[in-house]
file structure_12.cif (mmCIF, C-alpha atoms)
data_upload
loop_
_atom_site.label_atom_id
_atom_site.label_comp_id
_atom_site.auth_asym_id
_atom_site.auth_seq_id
_atom_site.Cartn_x
_atom_site.Cartn_y
_atom_site.Cartn_z
CA MET U 14 -14.62 -20.49 12.10
CA SER U 15 -11.88 -22.04 9.97
CA THR U 16 -11.89 -22.95 6.29
CA SER U 17 -9.34 -25.15 4.56
CA VAL U 18 -7.49 -23.66 1.60
CA GLY U 19 -7.25 -26.26 -1.16
CA PRO U 20 -5.07 -29.38 -1.03
CA ILE U 21 -2.46 -29.20 1.73
CA ASP U 22 1.17 -29.72 0.69
CA VAL U 23 2.88 -30.66 3.95
CA ASP U 24 6.39 -30.08 2.61
CA ALA U 25 5.45 -26.61 1.36
CA LEU U 26 3.87 -25.69 4.70
CA ARG U 27 6.88 -26.99 6.63
CA ALA U 28 9.19 -24.90 4.46
CA ARG U 29 7.03 -21.82 5.02
CA LEU U 30 7.07 -22.27 8.79
CA ASP U 31 10.83 -22.69 8.72
CA ARG U 32 11.31 -19.61 6.55
CA ALA U 33 8.97 -17.59 8.76
CA GLY U 34 11.00 -18.50 11.82
CA ALA U 35 14.24 -17.58 10.06
CA ALA U 36 12.78 -14.29 8.85
CA ALA U 37 11.60 -13.47 12.38
CA ALA U 38 15.04 -14.13 13.78
CA ALA U 39 16.62 -11.94 11.10
CA ALA U 40 14.21 -9.16 12.07
CA ASP U 41 15.17 -9.50 15.75
CA VAL U 42 11.72 -10.84 16.61
CA ASP U 43 11.38 -13.55 19.24
CA ALA U 44 7.99 -14.89 18.11
CA LEU U 45 5.24 -14.43 15.55
CA LEU U 46 1.62 -14.36 16.74
CA ILE U 47 -0.68 -15.09 13.82
CA SER U 48 -4.48 -14.85 14.01
CA PRO U 49 -6.90 -16.26 11.38
CA GLY U 50 -6.56 -14.62 8.00
CA SER U 51 -4.36 -14.88 4.94
CA ASP U 52 -1.13 -15.13 6.97
CA LEU U 53 -2.46 -18.18 8.82
CA ALA U 54 -3.69 -19.64 5.53
CA TYR U 55 -0.20 -19.18 4.09
CA LEU U 56 1.53 -20.84 7.04
CA LEU U 57 -0.95 -23.61 7.93
CA GLY U 58 -3.28 -23.97 4.95
CA VAL U 59 -6.36 -22.89 6.87
CA GLY U 60 -8.27 -19.64 6.51
CA GLY U 61 -11.08 -18.18 8.52
CA THR U 62 -11.94 -15.11 10.54
CA SER U 63 -11.12 -13.89 14.04
CA PHE U 64 -13.96 -13.73 16.55
CA GLU U 65 -14.16 -12.77 20.21
CA ARG U 66 -12.56 -16.09 21.14
CA LEU U 67 -8.81 -16.17 20.53
CA THR U 68 -7.31 -18.39 17.85
CA CYS U 69 -3.58 -17.79 17.42
CA LEU U 70 -0.59 -19.57 15.94
CA VAL U 71 2.40 -18.96 18.19
CA LEU U 72 5.64 -19.35 16.26
CA PRO U 73 8.58 -18.83 18.66
CA VAL U 74 12.01 -18.51 17.12
CA GLY U 75 13.88 -21.72 17.88
CA GLY U 76 10.88 -23.33 19.53
CA ALA U 77 7.95 -25.53 18.61
CA PRO U 78 4.88 -23.81 17.10
CA VAL U 79 1.66 -23.89 19.12
CA LEU U 80 -1.83 -23.38 17.74
CA VAL U 81 -4.07 -21.94 20.44
CA VAL U 82 -7.70 -22.56 19.51
CA PRO U 83 -11.06 -22.61 21.33
CA LYS U 84 -12.16 -26.18 21.96
CA LEU U 85 -15.47 -25.62 20.20
CA GLU U 86 -13.55 -24.49 17.08
CA ALA U 87 -11.00 -27.33 17.22
CA PRO U 88 -12.91 -29.64 14.82
CA GLY U 89 -12.36 -27.07 12.07
CA TYR U 90 -8.60 -27.55 12.47
CA ALA U 91 -8.68 -31.33 12.83
CA GLY U 92 -7.72 -31.92 9.20
CA LEU U 93 -4.47 -30.00 9.48
CA PRO U 94 -1.22 -32.01 9.42
CA THR U 95 -0.18 -30.60 12.78
CA ASP U 96 1.72 -33.73 13.83
CA GLU U 97 3.74 -33.80 10.62
CA LEU U 98 4.47 -30.09 10.99
CA GLY U 99 5.42 -30.34 14.64
CA VAL U 100 2.63 -27.97 15.67
CA GLU U 101 1.14 -28.52 19.13
CA VAL U 102 -2.58 -27.79 19.44
CA ALA U 103 -3.60 -26.16 22.72
CA THR U 104 -7.35 -25.86 23.26
CA TRP U 105 -9.23 -23.80 25.80
CA VAL U 106 -12.85 -23.44 26.93
CA ASP U 107 -14.94 -20.47 27.94
CA GLY U 108 -13.92 -19.25 31.36
CA GLU U 109 -10.23 -20.04 30.81
CA ASP U 110 -7.62 -17.43 29.85
CA PRO U 111 -6.33 -18.18 26.34
CA TYR U 112 -3.71 -15.46 26.53
CA ARG U 113 -1.90 -17.39 29.24
CA LEU U 114 -1.62 -20.28 26.79
CA VAL U 115 0.18 -17.92 24.43
CA THR U 116 2.58 -16.69 27.09
CA GLY U 117 3.25 -20.30 28.08
CA ALA U 118 4.37 -21.06 24.53
CA LEU U 119 6.86 -18.18 24.51
CA ARG U 120 10.39 -18.14 25.83
CA GLY U 121 10.06 -14.86 27.66
CA THR U 122 8.71 -11.36 27.18
CA GLY U 123 10.96 -10.13 24.40
CA ARG U 124 9.92 -8.72 21.04
CA THR U 125 6.80 -10.31 19.55
CA ALA U 126 5.24 -9.60 16.14
CA VAL U 127 1.46 -9.74 15.81
CA ALA U 128 -0.47 -10.27 12.58
CA ASP U 129 -1.30 -6.98 10.90
CA MET U 130 -5.03 -7.70 10.85
CA MET U 131 -5.33 -9.16 14.35
CA PRO U 132 -8.33 -7.53 16.07
CA ALA U 133 -7.43 -4.96 18.71
CA LEU U 134 -9.46 -7.06 21.17
CA HIS U 135 -6.75 -9.73 21.00
CA ALA U 136 -3.71 -7.61 20.19
CA LEU U 137 -4.19 -5.43 23.28
CA ALA U 138 -4.93 -8.41 25.52
CA LEU U 139 -1.78 -10.15 24.28
CA ARG U 140 0.25 -7.02 24.89
CA ASP U 141 -0.96 -6.91 28.48
CA ALA U 142 -0.35 -10.63 29.00
CA ILE U 143 3.10 -10.82 27.42
CA GLY U 144 4.68 -7.48 28.18
CA GLY U 145 7.80 -6.55 26.26
CA GLU U 146 7.58 -4.95 22.81
CA GLN U 147 5.02 -5.71 20.11
CA VAL U 148 5.54 -4.95 16.42
CA LEU U 149 3.67 -5.86 13.25
CA ALA U 150 4.32 -9.23 11.62
CA GLY U 151 3.62 -7.89 8.14
CA PRO U 152 7.18 -6.65 7.47
CA VAL U 153 8.47 -10.13 8.35
CA LEU U 154 5.97 -12.24 6.43
CA ARG U 155 5.72 -10.06 3.35
CA GLU U 156 9.31 -10.98 2.48
CA LEU U 157 8.08 -14.56 2.13
CA ARG U 158 4.63 -13.99 0.66
CA MET U 159 5.58 -11.65 -2.16
CA ARG U 160 7.94 -14.22 -3.68
CA LYS U 161 5.65 -16.95 -5.02
CA ASP U 162 6.78 -20.51 -5.55
CA ALA U 163 5.77 -22.78 -8.43
CA VAL U 164 2.65 -24.05 -6.65
CA GLU U 165 1.46 -20.52 -5.94
CA ILE U 166 2.12 -19.36 -9.49
CA ALA U 167 0.14 -22.32 -10.83
CA ALA U 168 -2.78 -21.27 -8.63
CA LEU U 169 -2.53 -17.69 -9.94
CA ARG U 170 -2.59 -19.02 -13.51
CA LYS U 171 -5.71 -21.02 -12.67
CA ALA U 172 -7.36 -17.94 -11.19
CA GLY U 173 -6.36 -15.80 -14.17
CA ALA U 174 -7.80 -18.26 -16.67
CA ALA U 175 -11.03 -18.50 -14.67
CA ILE U 176 -11.58 -14.73 -14.60
CA ASP U 177 -10.70 -14.52 -18.30
CA ARG U 178 -13.59 -16.89 -18.97
CA VAL U 179 -15.92 -14.53 -17.12
CA HIS U 180 -14.77 -11.50 -19.13
CA ALA U 181 -15.36 -13.52 -22.29
CA ARG U 182 -19.03 -13.78 -21.23
CA VAL U 183 -19.70 -10.17 -20.19
CA GLY U 184 -21.56 -9.57 -23.44
CA GLU U 185 -24.23 -11.99 -22.20
CA TRP U 186 -25.31 -9.51 -19.53
CA LEU U 187 -24.04 -6.01 -20.26
CA ARG U 188 -26.54 -4.05 -22.35
CA ALA U 189 -28.62 -0.91 -22.29
CA GLY U 190 -31.69 -0.92 -20.07
CA ARG U 191 -30.19 -3.03 -17.29
CA THR U 192 -28.84 -1.63 -14.03
CA GLU U 193 -25.26 -2.01 -12.88
CA ALA U 194 -26.52 -4.09 -9.98
CA GLU U 195 -28.36 -6.50 -12.29
CA VAL U 196 -25.29 -6.94 -14.48
CA GLY U 197 -23.11 -7.32 -11.39
CA ALA U 198 -25.29 -10.08 -9.98
CA ASP U 199 -24.97 -12.08 -13.19
CA ILE U 200 -21.22 -11.56 -13.24
CA ALA U 201 -20.90 -12.64 -9.59
CA ALA U 202 -22.72 -15.88 -10.37
CA ALA U 203 -20.49 -16.50 -13.37
CA ILE U 204 -17.34 -15.94 -11.30
CA VAL U 205 -18.33 -18.97 -9.23
CA GLU U 206 -19.53 -20.93 -12.26
CA GLU U 207 -16.19 -20.45 -13.96
CA GLY U 208 -14.12 -21.86 -11.12
CA HIS U 209 -13.83 -19.46 -8.20
CA ALA U 210 -14.77 -20.29 -4.62
CA VAL U 211 -16.58 -16.96 -4.24
CA ALA U 212 -16.92 -13.64 -6.03
CA GLU U 213 -14.72 -11.37 -3.92
CA PHE U 214 -15.68 -8.16 -5.70
CA VAL U 215 -17.57 -6.91 -8.74
CA ILE U 216 -17.24 -3.40 -10.13
CA VAL U 217 -19.52 -2.30 -12.94
CA GLY U 218 -18.89 1.41 -13.45
CA SER U 219 -21.05 2.73 -16.27
CA GLY U 220 -20.92 6.19 -17.83
CA PRO U 221 -19.85 8.79 -15.25
CA ASN U 222 -19.55 6.07 -12.58
CA GLY U 223 -16.60 4.66 -14.52
CA ALA U 224 -14.65 7.79 -13.60
CA SER U 225 -14.66 6.60 -9.96
CA PRO U 226 -11.95 3.89 -9.77
CA HIS U 227 -13.50 2.03 -6.82
CA HIS U 228 -17.14 2.48 -7.72
CA SER U 229 -18.90 -0.80 -7.03
CA LEU U 230 -22.49 -1.24 -8.20
CA SER U 231 -25.52 1.00 -8.26
CA ASP U 232 -29.06 1.16 -9.57
CA ARG U 233 -27.97 3.36 -12.45
CA VAL U 234 -29.54 2.14 -15.69
CA ILE U 235 -26.93 1.51 -18.36
CA GLU U 236 -27.50 3.57 -21.49
CA ALA U 237 -26.52 3.15 -25.13
CA GLY U 238 -23.17 4.84 -25.69
CA ASP U 239 -21.94 4.23 -22.13
CA VAL U 240 -18.34 3.26 -21.51
CA VAL U 241 -18.34 0.65 -18.73
CA VAL U 242 -15.45 -0.42 -16.50
CA VAL U 243 -15.76 -4.05 -15.32
CA ASP U 244 -13.27 -4.99 -12.58
CA ILE U 245 -13.82 -8.45 -11.09
CA GLY U 246 -12.10 -11.18 -9.12
CA GLY U 247 -12.07 -13.73 -6.33
CA PRO U 248 -10.17 -16.70 -4.92
CA VAL U 249 -10.01 -20.17 -6.42
CA ALA U 250 -10.05 -23.25 -4.17
CA GLU U 251 -6.31 -22.99 -3.53
CA GLY U 252 -6.91 -19.59 -1.92
CA TYR U 253 -5.19 -17.49 -4.60
CA CYS U 254 -7.03 -14.59 -6.17
CA SER U 255 -7.85 -13.24 -9.59
CA ASP U 256 -8.26 -9.55 -10.40
CA SER U 257 -8.83 -8.33 -13.94
CA THR U 258 -10.35 -5.24 -15.51
CA ARG U 259 -11.58 -4.68 -19.03
CA THR U 260 -13.42 -1.68 -20.44
CA TYR U 261 -16.54 -2.06 -22.56
CA SER U 262 -18.76 0.21 -24.62
CA VAL U 263 -22.47 -0.44 -24.97
CA GLY U 264 -22.82 0.38 -28.64
CA GLU U 265 -20.61 3.08 -30.11
CA PRO U 266 -19.26 5.43 -27.42
CA ARG U 267 -21.21 8.66 -27.13
CA PHE U 268 -18.08 10.76 -26.57
CA ALA U 269 -15.85 11.46 -29.56
CA ASP U 270 -12.65 11.28 -27.50
CA VAL U 271 -13.13 7.75 -26.20
CA ARG U 272 -11.20 5.82 -28.82
CA SER U 273 -8.20 8.17 -28.97
CA THR U 274 -7.97 8.38 -25.18
CA TYR U 275 -8.35 4.64 -24.80
CA ALA U 276 -5.48 4.14 -27.25
CA VAL U 277 -3.26 6.12 -24.86
CA LEU U 278 -4.33 3.90 -21.98
CA GLN U 279 -3.67 0.75 -23.98
CA ALA U 280 -0.17 1.97 -24.85
CA ALA U 281 0.50 2.83 -21.19
CA GLN U 282 -0.56 -0.58 -19.92
CA GLN U 283 1.60 -2.32 -22.51
CA ALA U 284 4.58 -0.10 -21.69
CA ALA U 285 4.33 -1.03 -18.02
CA VAL U 286 4.08 -4.76 -18.75
CA ASP U 287 7.05 -4.50 -21.10
CA ALA U 288 9.07 -2.84 -18.33
CA VAL U 289 8.64 -5.76 -15.91
CA ARG U 290 11.72 -7.93 -15.41
CA PRO U 291 14.10 -8.87 -12.60
CA GLY U 292 16.25 -5.96 -11.47
CA VAL U 293 13.74 -3.23 -12.34
CA THR U 294 12.18 -1.33 -9.46
CA ALA U 295 8.47 -1.13 -8.74
CA SER U 296 8.73 2.63 -9.19
CA GLU U 297 10.16 2.21 -12.69
CA VAL U 298 7.19 0.07 -13.76
CA ASP U 299 4.82 2.72 -12.42
CA ALA U 300 6.74 5.40 -14.31
CA ALA U 301 6.54 3.44 -17.56
CA ALA U 302 2.74 3.63 -17.50
CA ARG U 303 2.49 7.08 -15.97
CA SER U 304 4.81 8.76 -18.47
CA VAL U 305 2.77 7.61 -21.46
CA ILE U 306 -0.42 8.96 -19.91
CA ALA U 307 1.20 12.20 -18.77
CA ASP U 308 2.85 12.85 -22.14
CA ALA U 309 -0.58 12.59 -23.78
CA GLY U 310 -1.96 15.24 -21.42
CA PHE U 311 -3.93 12.95 -19.10
CA GLY U 312 -1.56 12.82 -16.13
CA GLU U 313 -4.01 14.41 -13.69
CA TYR U 314 -6.62 11.79 -14.60
CA PHE U 315 -4.50 8.80 -13.58
CA VAL U 316 -5.22 8.98 -9.86
CA HIS U 317 -3.90 5.72 -8.37
CA ARG U 318 -0.82 3.50 -8.35
CA THR U 319 -0.12 1.30 -11.35
CA GLY U 320 -0.50 -1.96 -9.45
CA HIS U 321 -0.61 -4.04 -6.31
CA GLY U 322 0.69 -7.44 -5.35
CA ILE U 323 -1.72 -10.35 -5.30
CA GLY U 324 -1.82 -13.82 -3.81
CA MET U 325 -3.97 -14.97 -0.92
CA ASP U 326 -5.04 -11.34 -0.59
CA VAL U 327 -6.28 -9.32 -3.52
CA HIS U 328 -4.05 -6.46 -2.35
CA GLU U 329 -0.66 -7.30 -0.86
CA GLU U 330 3.04 -6.55 -1.42
CA PRO U 331 4.62 -5.47 -3.70
CA TYR U 332 2.94 -2.17 -4.57
CA ILE U 333 3.76 -0.75 -8.00
CA VAL U 334 3.88 2.92 -7.15
CA GLY U 335 6.18 5.90 -7.49
CA GLY U 336 8.79 6.06 -4.74
CA ASN U 337 8.85 2.30 -4.16
CA ASP U 338 12.46 1.32 -4.86
CA LEU U 339 11.85 -2.38 -4.25
CA VAL U 340 13.80 -4.35 -6.84
CA LEU U 341 11.61 -6.89 -8.61
CA GLU U 342 12.58 -10.55 -8.36
CA ALA U 343 11.37 -13.74 -10.00
CA GLY U 344 8.17 -14.98 -8.38
CA MET U 345 6.73 -11.58 -7.55
CA ALA U 346 3.14 -11.24 -8.78
CA PHE U 347 1.14 -8.04 -9.14
CA SER U 348 -1.42 -6.18 -11.19
CA VAL U 349 -0.63 -3.73 -13.97
CA GLU U 350 -3.70 -1.50 -14.15
CA PRO U 351 -3.33 2.10 -15.28
CA GLY U 352 -6.54 4.07 -15.73
CA ILE U 353 -7.79 7.35 -17.11
CA TYR U 354 -10.78 8.88 -15.34
CA LEU U 355 -12.58 11.91 -16.73
CA PRO U 356 -14.90 13.23 -13.99
CA GLU U 357 -18.64 13.26 -14.73
CA ARG U 358 -18.01 11.79 -18.20
CA TRP U 359 -16.40 8.35 -18.36
CA GLY U 360 -13.40 6.31 -17.29
CA ALA U 361 -11.35 3.34 -18.44
CA ARG U 362 -8.90 0.85 -16.94
CA ILE U 363 -6.99 -2.17 -18.26
CA GLU U 364 -5.72 -4.68 -15.71
CA ASP U 365 -3.73 -7.88 -15.95
CA ILE U 366 -1.99 -9.91 -13.27
CA VAL U 367 1.65 -10.55 -14.17
CA VAL U 368 4.40 -12.67 -12.64
CA VAL U 369 8.08 -11.78 -12.80
CA THR U 370 10.03 -14.65 -14.40
CA GLY U 371 13.76 -15.31 -14.43
CA THR U 372 14.17 -13.22 -17.56
CA GLY U 373 11.03 -11.13 -17.96
CA VAL U 374 7.33 -11.31 -17.35
CA GLU U 375 4.37 -13.68 -17.72
CA SER U 376 0.78 -12.48 -17.79
CA VAL U 377 -1.79 -14.83 -16.28
CA ASN U 378 -4.59 -12.91 -18.04
CA ASN U 379 -4.89 -13.27 -21.79
CA ARG U 380 -8.05 -11.49 -22.89
CA PRO U 381 -7.57 -8.81 -25.59
CA HIS U 382 -6.92 -5.28 -24.38
CA ASP U 383 -8.98 -3.49 -27.02
CA LEU U 384 -12.06 -1.51 -26.08
CA VAL U 385 -14.84 -4.10 -26.31
CA VAL U 386 -17.84 -2.67 -28.20
CA LEU U 387 -20.99 -4.64 -27.42
CA PRO U 388 -24.40 -4.44 -29.04
CA ALA U 389 -26.52 -1.81 -27.29
#

call {"tool": "encode", "arguments": {"input": "structure_12.cif", "output": "structure tokens"}}
result
Amino acid sequence: MSTSVGPIDVDALRARLDRAGAAAAAADVDALLISPGSDLAYLLGVGGTSFERLTCLVLPVGGAPVLVVPKLEAPGYAGLPTDELGVEVATWVDGEDPYRLVTGALRGTGRTAVADMMPALHALALRDAIGGEQVLAGPVLRELRMRKDAVEIAALRKAGAAIDRVHARVGEWLRAGRTEAEVGADIAAAIVEEGHAVAEFVIVGSGPNGASPHHSLSDRVIEAGDVVVVDIGGPVAEGYCSDSTRTYSVGEPRFADVRSTYAVLQAAQQAAVDAVRPGVTASEVDAAARSVIADAGFGEYFVHRTGHGIGMDVHEEPYIVGGNDLVLEAGMAFSVEPGIYLPERWGARIEDIVVVTGTGVESVNNRPHDLVVLPA
């Protein structure tokens, strides 16, 4: 099943298809094979999910693109500007071999790149049908996707403002006596109310659960004095995602070390944001946050990378992590989200989405970074 991703800019899609073909050629790839998912949404403006019936965009280097789609799914793609983009639509019905349609669109059995998230059901069948060598398309397409254009950055700003509005309302729901799941349900509804297409994820980590970075929701009853990590996000209509974390306290924190430790975290997050500019490596941004936390004696309690890229996927390139020598360029967008997690006690994280500009950095999230103390 396909889903359109916001208004379709034909010129932008044509440019993306052209750049994808050029990037494939530069990577010595003869064709890209793209199944439904964020890569297809990026290239054609249509999302969706792969099922047992094959849907695949065939993008041969130097040839015309072909969209292979089951006939019963074709109406979902009818609104695409395929004629303007020069994309042929090849339909098939049950009982026919769709993989032969793919091979027919290729110029031989050279080196093809398949979408990273293509189901094995289709990837293996294509390998058998095509022959030759198959590689992942991710290394080709990520060079395009991690450098956002003005339209994409505008969508990220829209998503950032929408999730900021949700964080501004957390005090409506977060209080002692309610479960994480109850608070999470209210937040999920507000994510949609404030302008997202769906709530992609909601983390409400209260008390000791906040020390687990990817805790989701539970039936734990929130207590007075709990520190609570709220990490939320989702896509707006244009298909671009928000992702923002703030840390709250329900009444005054029960642990005496919360405020002093949180001040370290706040300084670390600001140091990392301040480090972002063209020419700096992803590893250097990670080190900017990590050194502040380590120097304060909490290094072992910062257990994940400082950030991840964001766009049509919540997690994509570039990854802000030690050892990543990728040089940042204007248009790259990613989270800056250091955390300190004290097992069985409490945890905290501060997360903004930032965009590298020509001279520095822009944050698309603008809520205060202070520990938010709510009435119990």

call {"tool": "atom_distance", "arguments": {"input": "structure_12.cif", "atom1": "atom CA of U:Val42", "atom2": "atom CA of U:Thr68"}}
result
20.5 Å

call {"tool": "resolve_selection", "arguments": {"input": "structure_12.cif", "expression": "the PyMOL selection byres ((chain U and resi 272-278) around 12)", "output": "PyMOL selection string"}}
result
chain U and resi 240+259-262+265-271+279-285+301-312+314-315+319+349-355+359-364+382-386

call {"tool": "resolve_selection", "arguments": {"input": "structure_12.cif", "expression": "the PyMOL selection byres ((chain U and resi 122-126) around 12)", "output": "PyMOL selection string"}}
result
chain U and resi 33-34+36-38+40-48+70-74+115-121+127-131+136+139-154

call {"tool": "closest_residue", "arguments": {"input": "structure_12.cif", "among": "U:Ile235, U:Leu157, U:Ala91, U:Leu137", "to": "U:Asp31", "atoms": "only C-alpha atoms"}}
result
U:Leu157

call {"tool": "resolve_selection", "arguments": {"input": "structure_12.cif", "expression": "the PyMOL selection byres ((chain U and resi 348) around 9)", "output": "JSON list (two decimals) with C-alpha atoms, in the coordinates of the input"}}
result
[["chain", "number", "residue", "atom", "x", "y", "z"],
["U", 256, "ASP", "CA", -8.26, -9.55, -10.40],
["U", 257, "SER", "CA", -8.83, -8.33, -13.94],
["U", 319, "THR", "CA", -0.12, 1.30, -11.35],
["U", 320, "GLY", "CA", -0.50, -1.96, -9.45],
["U", 321, "HIS", "CA", -0.61, -4.04, -6.31],
["U", 322, "GLY", "CA", 0.69, -7.44, -5.35],
["U", 323, "ILE", "CA", -1.72, -10.35, -5.30],
["U", 332, "TYR", "CA", 2.94, -2.17, -4.57],
["U", 333, "ILE", "CA", 3.76, -0.75, -8.00],
["U", 346, "ALA", "CA", 3.14, -11.24, -8.78],
["U", 347, "PHE", "CA", 1.14, -8.04, -9.14],
["U", 349, "VAL", "CA", -0.63, -3.73, -13.97],
["U", 350, "GLU", "CA", -3.70, -1.50, -14.15],
["U", 364, "GLU", "CA", -5.72, -4.68, -15.71],
["U", 365, "ASP", "CA", -3.73, -7.88, -15.95],
["U", 366, "ILE", "CA", -1.99, -9.91, -13.27],
["U", 367, "VAL", "CA", 1.65, -10.55, -14.17],
["U", 368, "VAL", "CA", 4.40, -12.67, -12.64]]

call {"tool": "closest_residue", "arguments": {"input": "structure_12.cif", "among": "U:Ala201, U:Leu26, U:Ala167, U:Leu56", "to": "U:Cys69", "atoms": "all atoms listed in the file"}}
result
U:Leu56

call {"tool": "atom_distance", "arguments": {"input": "structure_12.cif", "atom1": "atom CA of U:Gly264", "atom2": "atom CA of U:Gly238"}}
result
5.4 Å

call {"tool": "closest_residue", "arguments": {"input": "structure_12.cif", "among": "U:Ala343, U:Ala295, U:Val79, U:Val196", "to": "U:Glu330", "atoms": "only C-alpha atoms"}}
result
U:Ala295

call {"tool": "atom_distance", "arguments": {"input": "structure_12.cif", "atom1": "atom CA of U:Met345", "atom2": "atom CA of U:Arg380"}}
result
21.3 Å

call {"tool": "residues_around", "arguments": {"input": "structure_12.cif", "residues": "stretch 171-182 of chain U", "least_positions_apart": "3", "cutoff": "6 Å", "atoms": "all atoms listed in the file", "output": "PDB file with C-alpha atoms, keeping the file's coordinate frame"}}
result
ATOM      1  CA  ALA U 168      -2.780 -21.270  -8.630  1.00  0.00           C
ATOM      2  CA  GLU U 185     -24.230 -11.990 -22.200  1.00  0.00           C
ATOM      3  CA  GLU U 207     -16.190 -20.450 -13.960  1.00  0.00           C
ATOM      4  CA  GLY U 208     -14.120 -21.860 -11.120  1.00  0.00           C
ATOM      5  CA  VAL U 249     -10.010 -20.170  -6.420  1.00  0.00           C
ATOM      6  CA  SER U 255      -7.850 -13.240  -9.590  1.00  0.00           C
ATOM      7  CA  VAL U 377      -1.790 -14.830 -16.280  1.00  0.00           C
ATOM      8  CA  ASN U 378      -4.590 -12.910 -18.040  1.00  0.00           C
TER       9      ASN U 378
END

call {"tool": "residues_around", "arguments": {"input": "structure_12.cif", "residues": "U:Thr95", "least_positions_apart": "3", "cutoff": "10 Å", "atoms": "all atoms listed in the file", "output": "ChimeraX atom specification"}}
result
/U:23,57,78-80,90-92,98-102

call {"tool": "closest_residue", "arguments": {"input": "structure_12.cif", "among": "U:Asp299, U:Asp96, U:Asp326, U:Asp239", "to": "U:Ala389", "atoms": "all atoms listed in the file"}}
result
U:Asp239

call {"tool": "closest_residue", "arguments": {"input": "structure_12.cif", "among": "U:Asp110, U:Asp287, U:Glu193, U:Glu375", "to": "U:Gly218", "atoms": "all atoms listed in the file"}}
result
U:Glu193

call {"tool": "residues_near_point", "arguments": {"input": "structure_12.cif", "point": "(-32.2, 2.3, -21.4)", "cutoff": "7 Å", "atoms": "all atoms listed in the file", "output": "PDB file with C-alpha atoms, in the coordinates of the input"}}
result
ATOM      1  CA  ALA U 189     -28.620  -0.910 -22.290  1.00  0.00           C
ATOM      2  CA  GLY U 190     -31.690  -0.920 -20.070  1.00  0.00           C
ATOM      3  CA  VAL U 234     -29.540   2.140 -15.690  1.00  0.00           C
ATOM      4  CA  ILE U 235     -26.930   1.510 -18.360  1.00  0.00           C
ATOM      5  CA  GLU U 236     -27.500   3.570 -21.490  1.00  0.00           C
ATOM      6  CA  ALA U 237     -26.520   3.150 -25.130  1.00  0.00           C
TER       7      ALA U 237
END

call {"tool": "closest_residue", "arguments": {"input": "structure_12.cif", "among": "U:Asp162, U:Arg290, U:His228, U:Gly324", "to": "U:Val241", "atoms": "all atoms listed in the file"}}
result
U:His228

call {"tool": "residues_around", "arguments": {"input": "structure_12.cif", "residues": "U:Glu213", "least_positions_apart": "2", "cutoff": "8 Å", "atoms": "all atoms listed in the file", "output": "number ranges by chain"}}
result
U: 211, 215, 245-248

call {"tool": "decode", "arguments": {"input": "structure_12.cif", "residues": "stretch 110-118 of chain U", "atoms": "N, CA, C and O atoms", "output": "CSV table (one decimal), in the first residue's frame"}}
result
chain,number,residue,atom,x,y,z
U,110,ASP,N,5.3,-13.2,-13.3
U,110,ASP,CA,6.6,-13.0,-12.6
U,110,ASP,C,7.1,-11.6,-12.6
U,110,ASP,O,7.6,-11.1,-13.7
U,111,PRO,N,7.0,-10.9,-11.5
U,111,PRO,CA,7.4,-9.5,-11.5
U,111,PRO,C,8.9,-9.3,-11.6
U,111,PRO,O,9.3,-8.2,-12.1
U,112,TYR,N,9.6,-10.3,-11.2
U,112,TYR,CA,11.1,-10.1,-11.3
U,112,TYR,C,11.6,-10.1,-12.7
U,112,TYR,O,12.6,-9.5,-13.0
U,113,ARG,N,10.9,-10.7,-13.6
U,113,ARG,CA,11.3,-10.6,-15.0
U,113,ARG,C,11.0,-9.2,-15.6
U,113,ARG,O,11.7,-8.8,-16.5
U,114,LEU,N,10.0,-8.5,-15.0
U,114,LEU,CA,9.9,-7.1,-15.4
U,114,LEU,C,11.1,-6.3,-15.0
U,114,LEU,O,11.5,-5.3,-15.7
U,115,VAL,N,11.6,-6.6,-13.8
U,115,VAL,CA,12.8,-5.9,-13.4
U,115,VAL,C,14.0,-6.2,-14.3
U,115,VAL,O,14.7,-5.2,-14.8
U,116,THR,N,14.2,-7.4,-14.6
U,116,THR,CA,15.4,-7.8,-15.5
U,116,THR,C,15.2,-7.1,-16.8
U,116,THR,O,16.2,-6.7,-17.5
U,117,GLY,N,13.9,-7.0,-17.3
U,117,GLY,CA,13.7,-6.4,-18.6
U,117,GLY,C,14.0,-5.0,-18.6
U,117,GLY,O,14.3,-4.4,-19.7
U,118,ALA,N,14.0,-4.3,-17.5
U,118,ALA,CA,14.3,-2.9,-17.4
U,118,ALA,C,15.8,-2.6,-17.3
U,118,ALA,O,16.2,-1.4,-17.4
